[in-house]
Structures are given as structure tokens and as C-alpha cells.
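What follows is model.pdb (PDB, C-alpha atoms).
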```pdb
MODEL        1
ATOM      1  CA  MET A   1      -7.556 -31.331 -58.483  1.00  0.00           C
ATOM      2  CA  ASP A   2     -10.936 -30.736 -60.139  1.00  0.00           C
ATOM      3  CA  GLY A   3     -12.745 -33.348 -62.225  1.00  0.00           C
ATOM      4  CA  GLU A   4     -12.088 -31.678 -65.576  1.00  0.00           C
ATOM      5  CA  SER A   5      -8.316 -31.594 -64.953  1.00  0.00           C
ATOM      6  CA  CYS A   6      -8.388 -35.273 -64.017  1.00  0.00           C
ATOM      7  CA  ILE A   7     -10.275 -36.095 -67.227  1.00  0.00           C
ATOM      8  CA  LYS A   8      -7.646 -34.260 -69.288  1.00  0.00           C
ATOM      9  CA  LYS A   9      -4.909 -36.261 -67.531  1.00  0.00           C
ATOM     10  CA  ALA A  10      -6.815 -39.478 -68.233  1.00  0.00           C
ATOM     11  CA  TYR A  11      -7.044 -38.672 -71.941  1.00  0.00           C
ATOM     12  CA  GLU A  12      -3.317 -37.910 -72.047  1.00  0.00           C
ATOM     13  CA  PHE A  13      -2.655 -41.399 -70.735  1.00  0.00           C
ATOM     14  CA  ILE A  14      -5.085 -42.905 -73.243  1.00  0.00           C
ATOM     15  CA  PHE A  15      -3.231 -41.180 -76.077  1.00  0.00           C
ATOM     16  CA  ASN A  16      -0.019 -42.722 -74.718  1.00  0.00           C
ATOM     17  CA  SER A  17      -1.703 -46.171 -74.494  1.00  0.00           C
ATOM     18  CA  ASP A  18      -1.402 -46.320 -70.708  1.00  0.00           C
ATOM     19  CA  PHE A  19      -4.923 -47.454 -69.902  1.00  0.00           C
ATOM     20  CA  GLU A  20      -4.234 -48.347 -66.276  1.00  0.00           C
ATOM     21  CA  GLN A  21      -3.223 -44.753 -65.537  1.00  0.00           C
ATOM     22  CA  ALA A  22      -6.180 -43.477 -67.555  1.00  0.00           C
ATOM     23  CA  ILE A  23      -8.556 -45.501 -65.376  1.00  0.00           C
ATOM     24  CA  TYR A  24      -6.811 -44.151 -62.286  1.00  0.00           C
ATOM     25  CA  TRP A  25      -7.380 -40.561 -63.451  1.00  0.00           C
ATOM     26  CA  PHE A  26     -10.990 -41.229 -64.435  1.00  0.00           C
ATOM     27  CA  GLU A  27     -11.533 -42.533 -60.911  1.00  0.00           C
ATOM     28  CA  GLN A  28      -9.882 -39.388 -59.544  1.00  0.00           C
ATOM     29  CA  ALA A  29     -12.355 -37.328 -61.571  1.00  0.00           C
ATOM     30  CA  ILE A  30     -15.201 -39.381 -60.087  1.00  0.00           C
ATOM     31  CA  GLU A  31     -13.842 -38.768 -56.615  1.00  0.00           C
ATOM     32  CA  ALA A  32     -13.675 -35.025 -57.304  1.00  0.00           C
ATOM     33  CA  GLU A  33     -17.215 -34.873 -58.763  1.00  0.00           C
ATOM     34  CA  PRO A  34     -19.170 -37.969 -57.683  1.00  0.00           C
ATOM     35  CA  GLU A  35     -22.431 -36.733 -59.236  1.00  0.00           C
ATOM     36  CA  ASN A  36     -21.024 -36.417 -62.787  1.00  0.00           C
ATOM     37  CA  ALA A  37     -22.432 -39.323 -64.825  1.00  0.00           C
ATOM     38  CA  PHE A  38     -20.090 -38.649 -67.755  1.00  0.00           C
ATOM     39  CA  TYR A  39     -17.040 -39.385 -65.595  1.00  0.00           C
ATOM     40  CA  TYR A  40     -18.454 -42.752 -64.604  1.00  0.00           C
ATOM     41  CA  HIS A  41     -19.292 -43.517 -68.217  1.00  0.00           C
ATOM     42  CA  THR A  42     -15.821 -42.693 -69.562  1.00  0.00           C
ATOM     43  CA  CYS A  43     -14.266 -44.753 -66.791  1.00  0.00           C
ATOM     44  CA  ALA A  44     -16.595 -47.645 -67.629  1.00  0.00           C
ATOM     45  CA  VAL A  45     -15.567 -47.477 -71.283  1.00  0.00           C
ATOM     46  CA  SER A  46     -11.870 -47.572 -70.378  1.00  0.00           C
ATOM     47  CA  CYS A  47     -12.425 -50.460 -67.973  1.00  0.00           C
ATOM     48  CA  ALA A  48     -14.286 -52.393 -70.676  1.00  0.00           C
ATOM     49  CA  ARG A  49     -11.490 -51.788 -73.174  1.00  0.00           C
ATOM     50  CA  SER A  50      -9.057 -53.154 -70.594  1.00  0.00           C
ATOM     51  CA  GLY A  51     -11.178 -56.248 -69.973  1.00  0.00           C
ATOM     52  CA  LYS A  52     -12.077 -55.210 -66.420  1.00  0.00           C
ATOM     53  CA  TRP A  53     -15.698 -56.211 -66.833  1.00  0.00           C
ATOM     54  CA  ALA A  54     -16.819 -56.128 -63.192  1.00  0.00           C
ATOM     55  CA  LYS A  55     -15.391 -52.644 -62.700  1.00  0.00           C
ATOM     56  CA  ALA A  56     -16.835 -51.537 -66.056  1.00  0.00           C
ATOM     57  CA  LYS A  57     -20.280 -52.758 -64.979  1.00  0.00           C
ATOM     58  CA  GLN A  58     -20.044 -50.963 -61.654  1.00  0.00           C
ATOM     59  CA  HIS A  59     -19.153 -47.632 -63.296  1.00  0.00           C
ATOM     60  CA  ALA A  60     -21.716 -48.088 -66.091  1.00  0.00           C
ATOM     61  CA  GLU A  61     -24.452 -48.732 -63.519  1.00  0.00           C
ATOM     62  CA  SER A  62     -23.421 -45.576 -61.646  1.00  0.00           C
ATOM     63  CA  ALA A  63     -23.527 -43.501 -64.827  1.00  0.00           C
ATOM     64  CA  LEU A  64     -27.007 -44.777 -65.658  1.00  0.00           C
ATOM     65  CA  ARG A  65     -28.221 -44.274 -62.090  1.00  0.00           C
ATOM     66  CA  LEU A  66     -27.121 -40.631 -62.249  1.00  0.00           C
ATOM     67  CA  ASP A  67     -28.548 -40.044 -65.742  1.00  0.00           C
ATOM     68  CA  PRO A  68     -31.219 -42.700 -66.439  1.00  0.00           C
ATOM     69  CA  GLU A  69     -32.463 -41.036 -69.635  1.00  0.00           C
ATOM     70  CA  HIS A  70     -29.093 -41.143 -71.415  1.00  0.00           C
ATOM     71  CA  ALA A  71     -29.407 -43.809 -74.131  1.00  0.00           C
ATOM     72  CA  GLU A  72     -25.645 -44.224 -74.617  1.00  0.00           C
ATOM     73  CA  TYR A  73     -25.149 -45.040 -70.934  1.00  0.00           C
ATOM     74  CA  LYS A  74     -27.935 -47.607 -71.057  1.00  0.00           C
ATOM     75  CA  TYR A  75     -26.557 -49.236 -74.214  1.00  0.00           C
ATOM     76  CA  HIS A  76     -23.036 -49.357 -72.796  1.00  0.00           C
ATOM     77  CA  LEU A  77     -24.273 -51.059 -69.627  1.00  0.00           C
ATOM     78  CA  GLN A  78     -26.103 -53.620 -71.765  1.00  0.00           C
ATOM     79  CA  THR A  79     -22.973 -54.382 -73.808  1.00  0.00           C
ATOM     80  CA  VAL A  80     -20.922 -54.792 -70.634  1.00  0.00           C
ATOM     81  CA  GLU A  81     -23.541 -57.122 -69.148  1.00  0.00           C
ATOM     82  CA  ALA A  82     -23.607 -59.085 -72.407  1.00  0.00           C
ATOM     83  CA  ARG A  83     -19.828 -59.443 -72.323  1.00  0.00           C
ATOM     84  CA  ILE A  84     -19.981 -60.738 -68.736  1.00  0.00           C
ATOM     85  CA  LEU A  85     -22.625 -63.298 -69.776  1.00  0.00           C
ATOM     86  CA  LEU A  86     -20.417 -64.336 -72.699  1.00  0.00           C
ATOM     87  CA  ALA A  87     -17.514 -64.946 -70.306  1.00  0.00           C
ATOM     88  CA  GLU A  88     -19.776 -66.992 -68.009  1.00  0.00           C
ATOM     89  CA  ALA A  89     -20.950 -69.033 -70.998  1.00  0.00           C
ATOM     90  CA  ASP A  90     -17.330 -69.670 -72.016  1.00  0.00           C
ATOM     91  CA  LEU A  91     -16.676 -71.099 -68.541  1.00  0.00           C
ATOM     92  CA  LEU A  92     -19.669 -73.431 -68.898  1.00  0.00           C
ATOM     93  CA  LEU A  93     -18.427 -74.550 -72.310  1.00  0.00           C
ATOM     94  CA  ALA A  94     -14.946 -75.264 -70.920  1.00  0.00           C
ATOM     95  CA  LYS A  95     -16.314 -77.759 -68.389  1.00  0.00           C
ATOM     96  CA  VAL A  96     -16.036 -81.490 -69.044  1.00  0.00           C
ATOM     97  CA  PRO A  97     -18.605 -82.306 -70.282  1.00  0.00           C
ATOM     98  CA  PRO A  98     -19.608 -78.858 -71.520  1.00  0.00           C
ATOM     99  CA  LYS A  99     -22.891 -77.464 -70.211  1.00  0.00           C
ATOM    100  CA  LEU A 100     -24.401 -76.599 -73.591  1.00  0.00           C
ATOM    101  CA  VAL A 101     -27.985 -75.835 -72.557  1.00  0.00           C
ATOM    102  CA  GLU A 102     -26.946 -73.562 -69.687  1.00  0.00           C
ATOM    103  CA  ALA A 103     -24.424 -71.763 -71.902  1.00  0.00           C
ATOM    104  CA  ALA A 104     -27.073 -71.292 -74.609  1.00  0.00           C
ATOM    105  CA  GLU A 105     -29.411 -69.656 -72.081  1.00  0.00           C
ATOM    106  CA  LEU A 106     -26.695 -67.166 -71.080  1.00  0.00           C
ATOM    107  CA  LEU A 107     -25.815 -66.464 -74.708  1.00  0.00           C
ATOM    108  CA  ASP A 108     -29.469 -65.906 -75.622  1.00  0.00           C
ATOM    109  CA  ARG A 109     -29.609 -63.240 -72.919  1.00  0.00           C
ATOM    110  CA  ALA A 110     -26.285 -61.779 -74.090  1.00  0.00           C
ATOM    111  CA  SER A 111     -27.467 -61.542 -77.694  1.00  0.00           C
ATOM    112  CA  SER A 112     -30.647 -59.778 -76.633  1.00  0.00           C
ATOM    113  CA  LEU A 113     -28.656 -57.288 -74.528  1.00  0.00           C
ATOM    114  CA  ASP A 114     -26.117 -56.686 -77.291  1.00  0.00           C
ATOM    115  CA  PRO A 115     -27.595 -57.409 -80.725  1.00  0.00           C
ATOM    116  CA  LEU A 116     -24.211 -56.592 -82.284  1.00  0.00           C
ATOM    117  CA  SER A 117     -22.311 -59.332 -80.442  1.00  0.00           C
ATOM    118  CA  PHE A 118     -20.834 -61.551 -83.132  1.00  0.00           C
ATOM    119  CA  ASP A 119     -19.365 -63.875 -80.506  1.00  0.00           C
ATOM    120  CA  ALA A 120     -22.746 -64.481 -78.865  1.00  0.00           C
ATOM    121  CA  PHE A 121     -24.494 -65.345 -82.136  1.00  0.00           C
ATOM    122  CA  TYR A 122     -21.649 -67.454 -83.512  1.00  0.00           C
ATOM    123  CA  THR A 123     -21.253 -69.444 -80.292  1.00  0.00           C
ATOM    124  CA  LEU A 124     -25.023 -69.948 -80.121  1.00  0.00           C
ATOM    125  CA  GLY A 125     -24.898 -71.312 -83.662  1.00  0.00           C
ATOM    126  CA  VAL A 126     -22.183 -73.775 -82.682  1.00  0.00           C
ATOM    127  CA  ILE A 127     -24.045 -74.855 -79.536  1.00  0.00           C
ATOM    128  CA  TYR A 128     -27.386 -75.343 -81.281  1.00  0.00           C
ATOM    129  CA  ALA A 129     -25.658 -77.328 -84.026  1.00  0.00           C
ATOM    130  CA  ALA A 130     -24.135 -79.585 -81.360  1.00  0.00           C
ATOM    131  CA  LEU A 131     -27.616 -79.999 -79.835  1.00  0.00           C
ATOM    132  CA  ASN A 132     -29.024 -80.897 -83.291  1.00  0.00           C
ATOM    133  CA  GLN A 133     -31.313 -77.856 -83.192  1.00  0.00           C
ATOM    134  CA  TYR A 134     -30.515 -76.891 -86.757  1.00  0.00           C
ATOM    135  CA  ASP A 135     -33.157 -74.199 -87.260  1.00  0.00           C
ATOM    136  CA  LYS A 136     -31.850 -72.245 -84.257  1.00  0.00           C
ATOM    137  CA  ALA A 137     -28.269 -72.949 -85.293  1.00  0.00           C
ATOM    138  CA  ALA A 138     -28.906 -71.620 -88.814  1.00  0.00           C
ATOM    139  CA  SER A 139     -30.641 -68.518 -87.521  1.00  0.00           C
ATOM    140  CA  ASN A 140     -27.751 -67.658 -85.197  1.00  0.00           C
ATOM    141  CA  ALA A 141     -25.090 -68.498 -87.773  1.00  0.00           C
ATOM    142  CA  ARG A 142     -26.898 -66.261 -90.291  1.00  0.00           C
ATOM    143  CA  GLU A 143     -26.904 -63.389 -87.796  1.00  0.00           C
ATOM    144  CA  ALA A 144     -23.198 -63.937 -87.080  1.00  0.00           C
ATOM    145  CA  MET A 145     -22.499 -63.791 -90.834  1.00  0.00           C
ATOM    146  CA  ARG A 146     -24.537 -60.596 -91.110  1.00  0.00           C
ATOM    147  CA  LEU A 147     -22.425 -59.037 -88.369  1.00  0.00           C
ATOM    148  CA  ASP A 148     -19.125 -60.213 -89.873  1.00  0.00           C
ATOM    149  CA  PRO A 149     -19.558 -61.267 -93.515  1.00  0.00           C
ATOM    150  CA  SER A 150     -15.867 -62.094 -93.937  1.00  0.00           C
ATOM    151  CA  HIS A 151     -15.725 -64.551 -91.019  1.00  0.00           C
ATOM    152  CA  SER A 152     -14.991 -67.854 -92.745  1.00  0.00           C
ATOM    153  CA  ALA A 153     -15.885 -70.079 -89.771  1.00  0.00           C
ATOM    154  CA  ALA A 154     -19.331 -68.453 -89.534  1.00  0.00           C
ATOM    155  CA  ARG A 155     -19.899 -69.036 -93.257  1.00  0.00           C
ATOM    156  CA  ARG A 156     -18.814 -72.675 -92.912  1.00  0.00           C
ATOM    157  CA  LEU A 157     -21.062 -73.151 -89.884  1.00  0.00           C
ATOM    158  CA  PHE A 158     -24.031 -71.698 -91.748  1.00  0.00           C
ATOM    159  CA  ALA A 159     -23.419 -73.949 -94.761  1.00  0.00           C
ATOM    160  CA  ASP A 160     -22.964 -77.080 -92.616  1.00  0.00           C
ATOM    161  CA  VAL A 161     -26.039 -76.382 -90.518  1.00  0.00           C
ATOM    162  CA  ASN A 162     -28.184 -75.713 -93.587  1.00  0.00           C
ATOM    163  CA  ARG A 163     -27.038 -78.985 -95.134  1.00  0.00           C
ATOM    164  CA  LYS A 164     -27.873 -80.902 -91.946  1.00  0.00           C
ATOM    165  CA  ARG A 165     -31.181 -79.084 -91.620  1.00  0.00           C
ATOM    166  CA  ARG A 166     -32.176 -80.058 -95.190  1.00  0.00           C
ATOM    167  CA  MET A 167     -31.188 -83.674 -94.529  1.00  0.00           C
ATOM    168  CA  GLN A 168     -33.239 -83.675 -91.332  1.00  0.00           C
ATOM    169  CA  HIS A 169     -36.292 -82.274 -93.147  1.00  0.00           C
ATOM    170  CA  LEU A 170     -35.893 -84.874 -95.911  1.00  0.00           C
ATOM    171  CA  ARG A 171     -35.802 -87.720 -93.356  1.00  0.00           C
ATOM    172  CA  ILE A 172     -38.933 -86.387 -91.635  1.00  0.00           C
ATOM    173  CA  ASN A 173     -40.792 -86.046 -94.955  1.00  0.00           C
ATOM    174  CA  VAL A 174     -39.804 -89.564 -96.034  1.00  0.00           C
ATOM    175  CA  ARG A 175     -41.127 -90.998 -92.740  1.00  0.00           C
ATOM    176  CA  LYS A 176     -44.401 -89.102 -93.114  1.00  0.00           C
ATOM    177  CA  ARG A 177     -44.922 -90.357 -96.659  1.00  0.00           C
ATOM    178  CA  LYS A 178     -44.333 -93.955 -95.633  1.00  0.00           C
ATOM    179  CA  ARG A 179     -46.866 -93.685 -92.809  1.00  0.00           C
ATOM    180  CA  ASN A 180     -49.553 -92.297 -95.116  1.00  0.00           C
ATOM    181  CA  ARG A 181     -49.431 -95.240 -97.481  1.00  0.00           C
TER     182      ARG A 181
ENDMDL
END
```

Show the structure stored in the file as C-alpha cells.
Amino acid sequence: MDGESCIKKAYEFIFNSDFEQAIYWFEQAIEAEPENAFYYHTCAVSCARSGKWAKAKQHAESALRLDPEHAEYKYHLQTVEARILLAEADLLLAKVPPKLVEAAELLDRASSLDPLSFDAFYTLGVIYAALNQYDKAASNAREAMRLDPSHSAARRLFADVNRKRRMQHLRINVRKRKRNR
């Protein structure tokens, strides 16, 4: 079967919400035409939608390798890599005690790879608030609110962090005034 026929089969399965079969047919298209970057890209998208991040990354890298100038392929690879970093950060946060600094480093990289990742910015805001780094926490919470203005937890985080940040600045200013007297 040629690649185009396999792609049509894959889309039929997508329309019927059978994503496993769709991925199978995308991979058949890749097998039929291994130099077609679009086939790798569509397979990567389906893998990402199914939460198969390692497979999505592999196919996204192949698509970009075959067509390095294609901006959509590059962006998709970045979003997949960001999602993998987010999952790694979640594992660090689930440890007892949580590894906040290490998770923040991963999330910083994730947010730079995917500047539309609400989860990366929101989680960074929570982590920086826990580390008492209120300026960074406020900045990330603000970005999370910009990405999802109706997210009530992000709005609460931003308000709480701003309150704590103001209190911290007041304490610092009071100490400075006392020392100057």
C-alpha cells in the first residue's frame, strides 16, 4: 500500500476516535515512504495527542531532520520536548521531599521551549512561591493568567504572591530605615 492510502486510512481512524489504529497507519505510511517528513509529523502529532511522548519526540525529530526549514515541525518538536520536561519535573515534585530547585530548572527550559505552556508557568509560580522567590513567582503566575485568564487557581496564586511580595518589600524597607538612623 502506498503512503497516501495509508494516510487516508489513518485519518479514517482519527475520525472514528481510534487513535491507536491511526498511529499504526501513519507508521505504515512512513514505512512506505520513509523520506516523507509530513508523514512523520502527522504521526508525531497523533502520538502526542495520545500521550506517547517518547514516540512523538522520535517522529518529530525525524520530520525536522528531513525538512529542517519547516517552522511547524520545529515548533512541534519543541512543544513535545517541553511536555517531556514537564513530566520529568512532575516526577521530581512527587518525591519526598520534593526537589523544587531541580524541577524549576526543568520547567524554565520547558517554558522557553513552549511559551504557551500554561502548566509550566503555573507550576513555576507555585515552586518559586514555595522557595520564597516572590518576584519570580509573580512573573510566572502572571504569565499563567495571561495564557488562561479564567483559571481561578492561577489568579489566587498571583494575588497571594503579590501580597507576600509587598510584605517582603515592606520588611526590607523598614530594616533599611532603621539602619540609617

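Atom CA of Trp53 of chain A sits 14.5 Å away from atom CA of Ala89 of chain A.
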
For the file shown, what are the residues hit by the PyMOL selection byres ((chain A and resi 141) around 10), laid out as a ChimeraX atom specification? /A:118,121-126,128-129,135-140,142-147,153-159,161-162

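If you look at atom CA of Ile23 of chain A and atom CA of Lys57 of chain A, they are 13.8 Å away from each other.
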
Picked residues, the PyMOL selection byres ((chain A and resi 60) around 8), expected as a ChimeraX atom specification: /A:40-41,44,56-59,61-64,73-74,76-77

Enclose segment 15-32 of chain A, meaning all of its atoms listed in the file, in a box aligned along x, y and z, pad it by 4 Å on each side, and list the centre and edge lengths in Å to one decimal, as lines of an AutoDock Vina configuration file.
```
center_x = -7.6
center_y = -41.7
center_z = -66.3
size_x = 23.2
size_y = 21.3
size_z = 27.5
```

Evaluated on this file, the PyMOL selection byres ((chain A and resi 25-34) around 6) picks out some residues - which ones are they, written as a VMD selection string? chain A and resid 2 to 3 6 to 7 10 22 to 24 35 to 36 39 43

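When all atoms listed in the file are used to measure the gap to Leu92 of chain A, the shortest distance among A:Pro68, A:Val80, A:Ile127, A:Arg109 belongs to A:Ile127.
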
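Interatomic distance, atom CA of Arg65 of chain A to atom CA of Arg49 of chain A: 21.4 Å.
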
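Comparing the minimum interatomic distances between Gln78 of chain A and each of A:Glu4, A:Glu105, A:Ser117, A:Ser150, counting only C-alpha atoms, we find that A:Ser117 sits nearest.
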
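Each of A:Glu69, A:Ser46, A:Leu86, A:Ala94 was checked against Phe13 of chain A using only C-alpha atoms; the smallest atom-to-atom distance is that of A:Ser46.
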
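With distances restricted to only C-alpha atoms, A:Glu81 is the closest residue to Ser112 of chain A from A:Glu81, A:Asp67, A:Asp160, A:Glu20.
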
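The shortest atom-to-atom distance to Asp114 of chain A, with only C-alpha atoms taken into account, belongs to A:Tyr75 out of A:Tyr75, A:Tyr11, A:Phe19, A:Tyr134.
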
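Across A:Leu66, A:Val96, A:Ala54, A:Cys47, the tightest approach to Gln21 of chain A is made by A:Cys47 when counting only C-alpha atoms.
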